[in-house]
file input_38.pdb (PDB, C-alpha atoms)
ATOM      1  CA  MET A   1     -64.731 205.669 122.224
ATOM      2  CA  ASP A   2     -64.293 201.934 122.824
ATOM      3  CA  LEU A   3     -68.010 201.660 123.623
ATOM      4  CA  ILE A   4     -68.996 203.230 120.300
ATOM      5  CA  ARG A   5     -66.549 201.034 118.405
ATOM      6  CA  ARG A   6     -67.917 197.863 119.974
ATOM      7  CA  LEU A   7     -71.489 198.974 119.353
ATOM      8  CA  PHE A   8     -70.828 199.590 115.666
ATOM      9  CA  THR A   9     -68.893 196.328 115.379
ATOM     10  CA  ALA A  10     -71.756 194.376 116.922
ATOM     11  CA  ALA A  11     -74.270 196.082 114.619
ATOM     12  CA  LEU A  12     -72.135 195.468 111.533
ATOM     13  CA  VAL A  13     -71.550 191.778 112.225
ATOM     14  CA  ALA A  14     -75.137 191.126 113.282
ATOM     15  CA  GLY A  15     -76.518 193.023 110.296
ATOM     16  CA  VAL A  16     -74.330 191.211 107.780
ATOM     17  CA  LEU A  17     -75.098 187.759 109.198
ATOM     18  CA  SER A  18     -78.840 188.327 109.464
ATOM     19  CA  GLY A  19     -79.044 189.999 106.060
ATOM     20  CA  THR A  20     -77.119 187.174 104.412
ATOM     21  CA  ALA A  21     -79.268 184.496 106.048
ATOM     22  CA  ALA A  22     -82.458 186.295 105.050
ATOM     23  CA  SER A  23     -81.230 186.636 101.459
ATOM     24  CA  VAL A  24     -80.530 182.898 101.199
ATOM     25  CA  VAL A  25     -83.931 181.987 102.612
ATOM     26  CA  GLN A  26     -85.725 184.488 100.378
ATOM     27  CA  GLN A  27     -84.202 182.996  97.239
ATOM     28  CA  ALA A  28     -85.975 179.743  98.062
ATOM     29  CA  THR A  29     -89.224 181.131  99.491
ATOM     30  CA  THR A  30     -90.342 184.642  98.579
ATOM     31  CA  VAL A  31     -88.404 185.315  95.358
ATOM     32  CA  PRO A  32     -90.094 182.511  93.357
ATOM     33  CA  LEU A  33     -93.478 183.828  94.489
ATOM     34  CA  ILE A  34     -92.550 187.366  93.424
ATOM     35  CA  LEU A  35     -91.452 186.154  89.995
ATOM     36  CA  GLU A  36     -94.678 184.223  89.623
ATOM     37  CA  ALA A  37     -96.756 187.251  90.652
ATOM     38  CA  GLU A  38     -94.953 189.541  88.211
ATOM     39  CA  LYS A  39     -96.372 187.451  85.386
ATOM     40  CA  TYR A  40     -99.747 188.904  86.339
ATOM     41  CA  GLU A  41     -98.505 192.450  86.933
ATOM     42  CA  VAL A  42     -98.761 193.887  83.398
ATOM     43  CA  VAL A  43    -102.220 193.894  81.905
ATOM     44  CA  THR A  44    -102.716 195.269  78.403
ATOM     45  CA  PRO A  45    -106.137 196.575  77.321
ATOM     46  CA  PRO A  46    -107.959 194.603  74.643
ATOM     47  CA  PRO A  47    -107.332 195.838  71.093
ATOM     48  CA  ALA A  48    -110.030 197.871  69.409
ATOM     49  CA  THR A  49    -112.572 195.917  67.422
ATOM     50  CA  ALA A  50    -111.614 195.915  63.797
ATOM     51  CA  ALA A  51    -113.988 197.735  61.462
ATOM     52  CA  ALA A  52    -116.039 195.614  59.083
ATOM     53  CA  PRO A  53    -114.344 195.441  55.674
ATOM     54  CA  THR A  54    -116.137 197.237  52.856
ATOM     55  CA  THR A  55    -114.515 195.207  50.104
ATOM     56  CA  ALA A  56    -114.034 191.537  49.722
ATOM     57  CA  ALA A  57    -110.692 190.121  50.722
ATOM     58  CA  PRO A  58    -108.374 189.158  47.888
ATOM     59  CA  ALA A  59    -108.517 185.572  46.818
ATOM     60  CA  GLY A  60    -106.057 183.410  48.691
ATOM     61  CA  ALA A  61    -105.652 185.860  51.619
ATOM     62  CA  PRO A  62    -106.080 184.283  55.061
ATOM     63  CA  ALA A  63    -109.353 185.142  56.685
ATOM     64  CA  ALA A  64    -109.152 187.205  59.879
ATOM     65  CA  SER A  65    -109.818 185.086  62.931
ATOM     66  CA  HIS A  66    -112.796 185.731  65.139
ATOM     67  CA  ALA A  67    -110.505 186.441  68.085
ATOM     68  CA  GLU A  68    -108.755 189.286  66.233
ATOM     69  CA  GLY A  69    -111.885 191.224  65.515
ATOM     70  CA  HIS A  70    -113.711 190.457  68.743
ATOM     71  CA  GLN A  71    -111.173 190.434  71.575
ATOM     72  CA  HIS A  72    -112.784 190.434  74.981
ATOM     73  CA  GLY A  73    -111.083 191.021  78.335
ATOM     74  CA  PRO A  74    -107.520 192.046  79.162
ATOM     75  CA  VAL A  75    -104.495 190.226  77.823
ATOM     76  CA  ARG A  76    -101.996 188.959  80.390
ATOM     77  CA  GLU A  77     -98.351 189.589  79.626
ATOM     78  CA  VAL A  78     -95.180 188.868  81.545
ATOM     79  CA  GLY A  79     -94.152 191.878  83.621
ATOM     80  CA  GLU A  80     -91.113 193.886  82.660
ATOM     81  CA  GLY A  81     -89.466 193.140  86.017
ATOM     82  CA  VAL A  82     -89.195 189.397  85.357
ATOM     83  CA  PRO A  83     -85.552 188.588  84.549
ATOM     84  CA  VAL A  84     -85.142 186.854  81.204
ATOM     85  CA  THR A  85     -81.345 186.528  81.098
ATOM     86  CA  LEU A  86     -78.729 185.283  83.529
ATOM     87  CA  ASP A  87     -77.234 188.772  83.881
ATOM     88  CA  GLU A  88     -80.597 190.251  84.858
ATOM     89  CA  ALA A  89     -81.187 187.461  87.362
ATOM     90  CA  MET A  90     -77.757 187.911  88.957
ATOM     91  CA  GLN A  91     -78.242 191.680  89.105
ATOM     92  CA  ARG A  92     -81.557 191.210  90.834
ATOM     93  CA  ILE A  93     -80.073 188.774  93.357
ATOM     94  CA  GLY A  94     -77.232 191.199  94.051
ATOM     95  CA  LEU A  95     -79.627 194.084  94.668
ATOM     96  CA  THR A  96     -81.709 191.915  97.003
ATOM     97  CA  ILE A  97     -78.645 190.938  99.026
ATOM     98  CA  ALA A  98     -77.428 194.549  99.192
ATOM     99  CA  ALA A  99     -80.823 195.777 100.384
ATOM    100  CA  ASN A 100     -80.983 193.077 103.077
ATOM    101  CA  LEU A 101     -77.463 193.876 104.276
ATOM    102  CA  ILE A 102     -78.207 197.588 104.534
ATOM    103  CA  ALA A 103     -81.475 196.933 106.350
ATOM    104  CA  GLY A 104     -79.740 194.459 108.651
ATOM    105  CA  VAL A 105     -77.021 196.895 109.692
ATOM    106  CA  ALA A 106     -79.541 199.718 110.173
ATOM    107  CA  TYR A 107     -81.875 197.616 112.322
ATOM    108  CA  ALA A 108     -78.897 196.235 114.274
ATOM    109  CA  LEU A 109     -77.780 199.778 115.103
ATOM    110  CA  LEU A 110     -81.254 200.602 116.401
ATOM    111  CA  LEU A 111     -81.408 197.384 118.408
ATOM    112  CA  ALA A 112     -77.923 197.862 119.862
ATOM    113  CA  ALA A 113     -78.762 201.440 120.848
ATOM    114  CA  ALA A 114     -81.973 200.257 122.534
ATOM    115  CA  ILE A 115     -80.060 197.561 124.456
ATOM    116  CA  LEU A 116     -77.498 200.125 125.538
ATOM    117  CA  LEU A 117     -80.158 202.590 126.691
ATOM    118  CA  ALA A 118     -82.004 199.887 128.617
ATOM    119  CA  GLY A 119     -78.868 199.238 130.665
ATOM    120  CA  ARG A 120     -79.760 195.592 131.287
ATOM    121  CA  PRO A 121     -77.268 192.702 131.035
ATOM    122  CA  VAL A 122     -77.493 190.957 127.696
ATOM    123  CA  ASP A 123     -76.224 187.777 126.083
ATOM    124  CA  ALA A 124     -77.199 185.659 123.083
ATOM    125  CA  ARG A 125     -80.335 184.332 124.769
ATOM    126  CA  ARG A 126     -81.510 187.741 125.946
ATOM    127  CA  GLY A 127     -80.550 189.144 122.558
ATOM    128  CA  LEU A 128     -82.901 186.627 120.962
ATOM    129  CA  VAL A 129     -85.716 188.050 123.097
ATOM    130  CA  TRP A 130     -84.783 191.547 121.939
ATOM    131  CA  GLY A 131     -84.794 190.324 118.352
ATOM    132  CA  MET A 132     -88.235 188.793 118.696
ATOM    133  CA  GLY A 133     -89.454 192.088 120.102
ATOM    134  CA  GLY A 134     -88.128 193.792 116.987
ATOM    135  CA  PHE A 135     -89.887 191.217 114.804
ATOM    136  CA  VAL A 136     -93.222 191.831 116.535
ATOM    137  CA  ALA A 137     -92.857 195.615 116.289
ATOM    138  CA  VAL A 138     -91.550 195.898 112.728
ATOM    139  CA  SER A 139     -93.068 192.922 110.921
ATOM    140  CA  LEU A 140     -95.814 191.094 112.785
ATOM    141  CA  ALA A 141     -97.849 193.942 114.279
ATOM    142  CA  PRO A 142     -98.061 196.026 111.068
ATOM    143  CA  SER A 143     -98.999 192.906 109.070
ATOM    144  CA  PHE A 144    -102.377 192.777 110.841
ATOM    145  CA  GLY A 145    -103.296 195.946 108.955
ATOM    146  CA  LEU A 146    -101.029 195.818 105.914
ATOM    147  CA  ALA A 147     -99.870 192.334 105.035
ATOM    148  CA  PRO A 148     -96.830 191.886 102.767
ATOM    149  CA  GLU A 149     -97.953 192.466  99.193
ATOM    150  CA  LEU A 150     -96.925 190.939  95.905
ATOM    151  CA  PRO A 151     -96.498 192.907  92.657
ATOM    152  CA  GLY A 152     -99.808 193.297  90.891
ATOM    153  CA  MET A 153    -101.882 193.412  94.071
ATOM    154  CA  ALA A 154    -104.278 196.291  94.585
ATOM    155  CA  GLY A 155    -103.109 198.792  97.181
ATOM    156  CA  ALA A 156    -103.756 202.288  98.466
ATOM    157  CA  GLU A 157    -101.400 205.207  97.865
ATOM    158  CA  LEU A 158     -97.817 204.395  98.795
ATOM    159  CA  GLU A 159     -97.367 207.467 101.029
ATOM    160  CA  LEU A 160    -100.434 206.591 103.096
ATOM    161  CA  ARG A 161     -99.294 202.998 103.536
ATOM    162  CA  GLN A 162     -95.793 204.062 104.551
ATOM    163  CA  LEU A 163     -97.150 206.535 107.097
ATOM    164  CA  TRP A 164     -99.493 203.940 108.583
ATOM    165  CA  TRP A 165     -96.730 201.311 108.741
ATOM    166  CA  LEU A 166     -94.418 203.759 110.499
ATOM    167  CA  SER A 167     -97.063 204.645 113.093
ATOM    168  CA  ALA A 168     -97.955 200.979 113.651
ATOM    169  CA  ALA A 169     -94.312 199.912 114.061
ATOM    170  CA  ALA A 170     -93.503 202.830 116.371
ATOM    171  CA  GLY A 171     -96.631 202.224 118.454
ATOM    172  CA  ALA A 172     -95.863 198.524 118.767
ATOM    173  CA  GLY A 173     -92.297 199.296 119.800
ATOM    174  CA  VAL A 174     -93.479 201.712 122.480
ATOM    175  CA  GLY A 175     -96.010 199.176 123.750
ATOM    176  CA  ILE A 176     -93.439 196.379 123.970
ATOM    177  CA  ALA A 177     -90.938 198.632 125.750
ATOM    178  CA  ALA A 178     -93.581 199.724 128.269
ATOM    179  CA  LEU A 179     -94.639 196.154 129.012
ATOM    180  CA  ALA A 180     -91.021 195.127 129.489
ATOM    181  CA  PHE A 181     -89.634 198.017 131.534
ATOM    182  CA  ALA A 182     -92.384 200.318 132.800
ATOM    183  CA  ARG A 183     -93.760 199.931 136.326
ATOM    184  CA  ASN A 184     -96.411 202.630 136.231
ATOM    185  CA  ARG A 185     -99.789 201.255 135.158
ATOM    186  CA  LEU A 186    -100.811 204.525 133.595
ATOM    187  CA  VAL A 187     -97.690 204.538 131.412
ATOM    188  CA  ILE A 188     -98.381 200.960 130.351
ATOM    189  CA  ALA A 189    -101.999 201.769 129.511
ATOM    190  CA  VAL A 190    -101.012 204.795 127.424
ATOM    191  CA  ALA A 191     -98.368 202.743 125.590
ATOM    192  CA  ILE A 192    -100.851 199.972 124.798
ATOM    193  CA  LEU A 193    -103.293 202.573 123.512
ATOM    194  CA  ALA A 194    -100.559 204.021 121.299
ATOM    195  CA  ALA A 195     -99.879 200.543 119.900
ATOM    196  CA  ALA A 196    -103.560 199.882 119.216
ATOM    197  CA  LEU A 197    -104.434 203.329 117.836
ATOM    198  CA  PRO A 198    -103.213 202.773 114.236
ATOM    199  CA  HIS A 199    -105.215 199.537 114.058
ATOM    200  CA  LEU A 200    -108.293 201.218 115.519
ATOM    201  CA  ILE A 201    -108.040 203.949 112.888
ATOM    202  CA  GLY A 202    -107.496 201.354 110.202
ATOM    203  CA  ALA A 203    -104.873 200.839 107.542
ATOM    204  CA  PRO A 204    -105.358 202.482 104.144
ATOM    205  CA  HIS A 205    -106.815 200.103 101.562
ATOM    206  CA  PRO A 206    -107.991 200.585  97.978
ATOM    207  CA  GLU A 207    -111.663 200.989  97.204
ATOM    208  CA  SER A 208    -111.585 197.734  95.273
ATOM    209  CA  ALA A 209    -109.597 194.796  96.587
ATOM    210  CA  GLU A 210    -109.526 193.112  93.210
ATOM    211  CA  GLY A 211    -106.093 192.250  91.896
ATOM    212  CA  ALA A 212    -104.459 190.148  89.245
ATOM    213  CA  VAL A 213    -102.584 187.941  91.716
ATOM    214  CA  PRO A 214    -104.352 184.721  92.798
ATOM    215  CA  PRO A 215    -105.338 184.785  96.500
ATOM    216  CA  GLU A 216    -103.541 181.529  97.300
ATOM    217  CA  LEU A 217    -100.298 182.970  95.920
ATOM    218  CA  ALA A 218    -100.711 186.086  98.087
ATOM    219  CA  ALA A 219    -101.370 183.958 101.187
ATOM    220  CA  ARG A 220     -98.228 181.901 100.594
ATOM    221  CA  PHE A 221     -96.221 185.101 100.200
ATOM    222  CA  VAL A 222     -97.461 186.499 103.519
ATOM    223  CA  THR A 223     -96.468 183.306 105.339
ATOM    224  CA  ALA A 224     -93.053 183.128 103.671
ATOM    225  CA  SER A 225     -92.344 186.818 104.269
ATOM    226  CA  LEU A 226     -93.154 186.662 107.972
ATOM    227  CA  GLY A 227     -91.130 183.469 108.336
ATOM    228  CA  SER A 228     -88.034 184.992 106.736
ATOM    229  CA  ALA A 229     -88.493 188.136 108.831
ATOM    230  CA  ALA A 230     -88.635 186.061 112.023
ATOM    231  CA  LEU A 231     -85.393 184.323 111.070
ATOM    232  CA  PHE A 232     -83.803 187.674 110.228
ATOM    233  CA  TRP A 233     -84.657 189.185 113.624
ATOM    234  CA  ALA A 234     -83.740 186.031 115.546
ATOM    235  CA  ILE A 235     -80.220 185.984 114.104
ATOM    236  CA  LEU A 236     -79.857 189.749 114.417
ATOM    237  CA  GLY A 237     -80.892 189.804 118.062
ATOM    238  CA  SER A 238     -78.858 186.763 119.107
ATOM    239  CA  VAL A 239     -75.637 187.917 117.453
ATOM    240  CA  CYS A 240     -76.070 191.490 118.619
ATOM    241  CA  GLY A 241     -76.703 190.352 122.210
ATOM    242  CA  TRP A 242     -73.747 187.982 122.140
ATOM    243  CA  LEU A 243     -71.330 190.636 120.873
ATOM    244  CA  MET A 244     -72.638 193.207 123.354
ATOM    245  CA  SER A 245     -72.483 190.886 126.353
ATOM    246  CA  GLY A 246     -69.446 192.697 127.719
ATOM    247  CA  VAL A 247     -70.605 196.208 126.835
ATOM    248  CA  VAL A 248     -73.669 196.552 129.073
ATOM    249  CA  GLU A 249     -72.862 195.970 132.735
ATOM    250  CA  PRO A 250     -75.447 194.815 135.260
ATOM    251  CA  ALA A 251     -76.745 197.572 137.494
ATOM    252  CA  GLU A 252     -75.472 195.840 140.645
ATOM    253  CA  SER A 253     -71.891 195.755 139.284
ATOM    254  CA  ARG A 254     -71.721 199.497 138.741
ATOM    255  CA  PRO A 255     -69.931 201.542 141.394
ATOM    256  CA  ALA A 256     -72.325 203.231 143.760
ATOM    257  CA  LEU A 257     -72.317 206.973 144.059
ATOM    258  CA  ARG A 258     -70.552 208.129 147.191
ATOM    259  CA  VAL A 259     -71.816 211.224 148.928
ATOM    260  CA  GLN A 260     -69.029 213.425 150.242
ATOM    261  CA  PRO A 261     -69.257 214.353 153.916
ATOM    262  CA  GLY A 262     -71.016 217.656 154.340
ATOM    263  CA  ALA A 263     -72.414 217.598 150.815
ATOM    264  CA  ARG A 264     -76.085 218.477 150.394
TER
END
call {"tool": "encode", "arguments": {"input": "input_38.pdb", "output": "structure tokens"}}
result
Amino acid sequence: MDLIRRLFTAALVAGVLSGTAASVVQQATTVPLILEAEKYEVVTPPPATAAAPTTAAPAGAPAASHAEGHQHGPVREVGEGVPVTLDEAMQRIGLTIAANLIAGVAYALLLAAAILLAGRPVDARRGLVWGMGGFVAVSLAPSFGLAPELPGMAGAELELRQLWWLSAAAGAGVGIAALAFARNRLVIAVAILAAALPHLIGAPHPESAEGAVPPELAARFVTASLGSAALFWAILGSVCGWLMSGVVEPAESRPALRVQPGAR
């Protein structure tokens, strides 16, 4: 019971700290880029060309402009998701923080369970290594096929992207675990193949890559997203390893099994 309590405590503290740090960094890096991209998200079709008048306009009436009768191309409008009041902005910040805290605790539970199953001694430094492994599996490896996307960018169906991301993250996790702990070359080869298979198949992409978001804005968002994710996993792994340093005992410190005389 004490083991479970300490595991959940480590996951809770690590998740809250990493989620809070990621939220602060995102407010200065990714959130401004998202708000800028949402200005391109809503595109209204051009209005229909006005019919030619059959009667002369009354004297003194303003003449219709050329742009009104002959509108060409889509009209950019600010997206509905862009906050326009302080209350909307604070609500959005609160939802972002809540989502990061929930994700932090959930990922910390998975990481703590993996550390416990591995049965290796852990501290803050080793926890940082575990955290970087989580970053590679969850964020970096899937980004080679599906980079972080801004609102308004063209993308394939959401279900297909989610399925591919899940397979890529799981495959990368299996590959990292095999490289770290497996001793059988065949097991390592199969794990590496499992990690590479989603990328060999290819991530789902739309038929047309055209989007309303400028490419330089999308590139900045990818860099900022991966940077904040690396910070998130570094804090999560370090804190989780530090708090679990007394939970996982080294293999040599465990009592050896004693065989009773006459036992077979």
call {"tool": "resolve_selection", "arguments": {"input": "input_38.pdb", "expression": "the PyMOL selection byres ((chain A and resi 101-108) around 10)", "output": "number ranges by chain"}}
result
A: 7-23, 95-100, 109-114, 131, 134, 138, 232-233, 236-237, 239-240
call {"tool": "atom_distance", "arguments": {"input": "input_38.pdb", "atom1": "atom CA of A:Leu86", "atom2": "atom CA of A:Pro215"}}
result
29.6 Å
call {"tool": "residues_around", "arguments": {"input": "input_38.pdb", "residues": "A:Pro198", "least_positions_apart": "6", "cutoff": "7 Å", "atoms": "all atoms listed in the file", "output": "PyMOL selection string"}}
result
chain A and resi 164+167-168
call {"tool": "closest_residue", "arguments": {"input": "input_38.pdb", "among": "A:Leu146, A:Ala234, A:Val213, A:Val25", "to": "A:Leu160", "atoms": "only C-alpha atoms"}}
result
A:Leu146
call {"tool": "atom_distance", "arguments": {"input": "input_38.pdb", "atom1": "atom CA of A:Gly155", "atom2": "atom CA of A:Ala28"}}
result
25.6 Å
call {"tool": "atom_distance", "arguments": {"input": "input_38.pdb", "atom1": "atom CA of A:Gly119", "atom2": "atom CA of A:Ala178"}}
result
14.9 Å
call {"tool": "resolve_selection", "arguments": {"input": "input_38.pdb", "expression": "the PyMOL selection byres ((chain A and resi 33) around 10)", "output": "list in words"}}
result
Gln26, Gln27, Ala28, Thr29, Thr30, Val31, Pro32, Ile34, Leu35, Glu36, Ala37, Glu38, Leu150, Pro151, Leu217, Ala218, Arg220, Phe221 and Ala224 of chain A
call {"tool": "resolve_selection", "arguments": {"input": "input_38.pdb", "expression": "the PyMOL selection byres ((chain A and resi 175) around 12)", "output": "VMD selection string"}}
result
chain A and resid 133 to 134 136 to 137 141 168 to 174 176 to 182 187 to 197
call {"tool": "write_last_selection", "arguments": {"input": "input_38.pdb", "atoms": "C-alpha atoms", "output": "PDB file, keeping the file's coordinate frame"}}
result
ATOM      1  CA  GLY A 133     -89.454 192.088 120.102  1.00  0.00           C
ATOM      2  CA  GLY A 134     -88.128 193.792 116.987  1.00  0.00           C
ATOM      3  CA  VAL A 136     -93.222 191.831 116.535  1.00  0.00           C
ATOM      4  CA  ALA A 137     -92.857 195.615 116.289  1.00  0.00           C
ATOM      5  CA  ALA A 141     -97.849 193.942 114.279  1.00  0.00           C
ATOM      6  CA  ALA A 168     -97.955 200.979 113.651  1.00  0.00           C
ATOM      7  CA  ALA A 169     -94.312 199.912 114.061  1.00  0.00           C
ATOM      8  CA  ALA A 170     -93.503 202.830 116.371  1.00  0.00           C
ATOM      9  CA  GLY A 171     -96.631 202.224 118.454  1.00  0.00           C
ATOM     10  CA  ALA A 172     -95.863 198.524 118.767  1.00  0.00           C
ATOM     11  CA  GLY A 173     -92.297 199.296 119.800  1.00  0.00           C
ATOM     12  CA  VAL A 174     -93.479 201.712 122.480  1.00  0.00           C
ATOM     13  CA  ILE A 176     -93.439 196.379 123.970  1.00  0.00           C
ATOM     14  CA  ALA A 177     -90.938 198.632 125.750  1.00  0.00           C
ATOM     15  CA  ALA A 178     -93.581 199.724 128.269  1.00  0.00           C
ATOM     16  CA  LEU A 179     -94.639 196.154 129.012  1.00  0.00           C
ATOM     17  CA  ALA A 180     -91.021 195.127 129.489  1.00  0.00           C
ATOM     18  CA  PHE A 181     -89.634 198.017 131.534  1.00  0.00           C
ATOM     19  CA  ALA A 182     -92.384 200.318 132.800  1.00  0.00           C
ATOM     20  CA  VAL A 187     -97.690 204.538 131.412  1.00  0.00           C
ATOM     21  CA  ILE A 188     -98.381 200.960 130.351  1.00  0.00           C
ATOM     22  CA  ALA A 189    -101.999 201.769 129.511  1.00  0.00           C
ATOM     23  CA  VAL A 190    -101.012 204.795 127.424  1.00  0.00           C
ATOM     24  CA  ALA A 191     -98.368 202.743 125.590  1.00  0.00           C
ATOM     25  CA  ILE A 192    -100.851 199.972 124.798  1.00  0.00           C
ATOM     26  CA  LEU A 193    -103.293 202.573 123.512  1.00  0.00           C
ATOM     27  CA  ALA A 194    -100.559 204.021 121.299  1.00  0.00           C
ATOM     28  CA  ALA A 195     -99.879 200.543 119.900  1.00  0.00           C
ATOM     29  CA  ALA A 196    -103.560 199.882 119.216  1.00  0.00           C
ATOM     30  CA  LEU A 197    -104.434 203.329 117.836  1.00  0.00           C
TER      31      LEU A 197
END
call {"tool": "closest_residue", "arguments": {"input": "input_38.pdb", "among": "A:Ala154, A:Ala147, A:Val122, A:Val222", "to": "A:Glu207", "atoms": "all atoms listed in the file"}}
result
A:Ala154
call {"tool": "closest_residue", "arguments": {"input": "input_38.pdb", "among": "A:Val24, A:Ala124, A:Leu116, A:Lys39", "to": "A:Leu243", "atoms": "only C-alpha atoms"}}
result
A:Ala124
call {"tool": "axis_aligned_box", "arguments": {"input": "input_38.pdb", "around": "stretch 222-239 of chain A", "padding_each_side": "8 Å", "output": "lines of an AutoDock Vina configuration file"}}
result
center_x = -86.5
center_y = 186.5
center_z = 111.3
size_x = 37.8
size_y = 22.7
size_z = 31.6
